[in-house]
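All remarks here apply to the structure that follows.
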Amino acid sequence: MSSQLSKRANFWHKHIEAAKSFPGNAVEYCAQEKIRLQSFYQWRRRFAALQIPVRTNAFAPVELLTASRAENLRQSHPLPDPKWAAIFVSHLLREMAQ
C-alpha cells in the first residue's frame with residue numbers, strides 16, 4: 001500500500017511543480033490536465049506542510065553599539081505596543097494555518 005501511496009504522491013508532486021511554471025492559474029492547469037481541482041489543492045497543502053525551511057547560515061551578523069548609538073536608535077525606531085504586536089502575530093498565525 002505504501003508503494004501505491006508513493007506513486008500517488010509522486011504523481012501529485014509532479015503536477016504541483018508543473019503548475020508553478022504554468023502561465024495560468026490552478027483552475028486552468030487542472031482543467032488542461034484533466035485532474036480534480038479539489039485533489040490538486042489537497043495535495044498542494046500536504047506538500048506545503050512538509051516543506052522545511054533551509055537555513056543557509058546558522059549565524060546572523062551582530063553589530064555592537066555604543067550606549068549613545070543604542071539610545072539614538074531606540075528614540076528613532078521605537079518598538080510597537082506589545083498588545084498590538086501580539087494581536088498582529090496572532091492574526092498572522094491564524095492566516096498561515098488556513
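Letters A, B, ... mark the chains of the C-alpha cells in the order given; residue numbers begin at 1 per chain; ligand numbers begin at 1, in order shown.
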
Which residues in range 42-93 of chain A does DSSP call helix (DSSP H, G or I)? List them as a count of residues only. 31

Find the residues around range 13-26 of chain A up to 9 Å (only C-alpha atoms counted), leave out those fewer than 3 positions away in its own chain, and share them as a compact mmCIF listing (two decimals) with N, CA and C atoms, in the first residue's frame.
# COMPACT_ATOMS: atom_id res chain seq x y z
N ARG A 8 1.12 7.78 -5.94
CA ARG A 8 0.18 8.89 -5.93
C ARG A 8 0.88 10.19 -5.54
N ALA A 9 1.71 10.11 -4.51
CA ALA A 9 2.43 11.31 -4.06
C ALA A 9 3.34 11.82 -5.17
N ASN A 10 4.00 10.92 -5.85
CA ASN A 10 4.89 11.30 -6.96
C ASN A 10 4.08 11.94 -8.09
N TYR A 29 -4.91 25.05 -15.02
CA TYR A 29 -3.98 23.93 -15.10
C TYR A 29 -4.71 22.60 -14.94
N CYS A 30 -5.55 22.52 -13.91
CA CYS A 30 -6.27 21.27 -13.64
C CYS A 30 -7.23 20.93 -14.79
N ALA A 31 -7.86 21.93 -15.36
CA ALA A 31 -8.75 21.68 -16.49
C ALA A 31 -7.97 21.13 -17.68
N GLU A 33 -5.08 19.55 -17.62
CA GLU A 33 -4.53 18.22 -17.32
C GLU A 33 -5.60 17.19 -16.98
N LEU A 37 -9.58 19.53 -9.26
CA LEU A 37 -9.06 20.73 -8.61
C LEU A 37 -8.97 20.54 -7.10
N PHE A 40 -6.03 18.49 -6.28
CA PHE A 40 -4.83 19.30 -6.51
C PHE A 40 -4.56 20.17 -5.28
N TYR A 41 -5.59 20.87 -4.78
CA TYR A 41 -5.42 21.74 -3.61
C TYR A 41 -5.05 20.94 -2.37
N TRP A 43 -3.41 18.04 -2.17
CA TRP A 43 -2.02 17.62 -2.26
C TRP A 43 -1.07 18.80 -2.15
N ARG A 44 -1.43 19.94 -2.68
CA ARG A 44 -0.57 21.12 -2.58
C ARG A 44 -0.42 21.53 -1.11
N PHE A 47 1.96 18.97 0.61
CA PHE A 47 3.37 19.22 0.30
C PHE A 47 3.87 20.49 0.96

Check the smallest atom-to-atom distance from each of A:Val62, A:Ala49, A:Ala67, A:Leu73 to Met96 in chain A using only C-alpha atoms, then report the winner. A:Ala49

Just give me the gap between CA of Ala48 in chain A and CA of Ile87 in chain A in Å, one decimal is fine.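 Going from CA of Ala48 in chain A over to CA of Ile87 in chain A covers 25.1 Å.
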
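The interatomic distance for the pair CA of Gln42 in chain A and CA of Leu93 in chain A works out to 20.0 Å.
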
What's the separation between CA of Gln75 in chain A and CA of Val89 in chain A, in Å to one decimal place? 23.6 Å
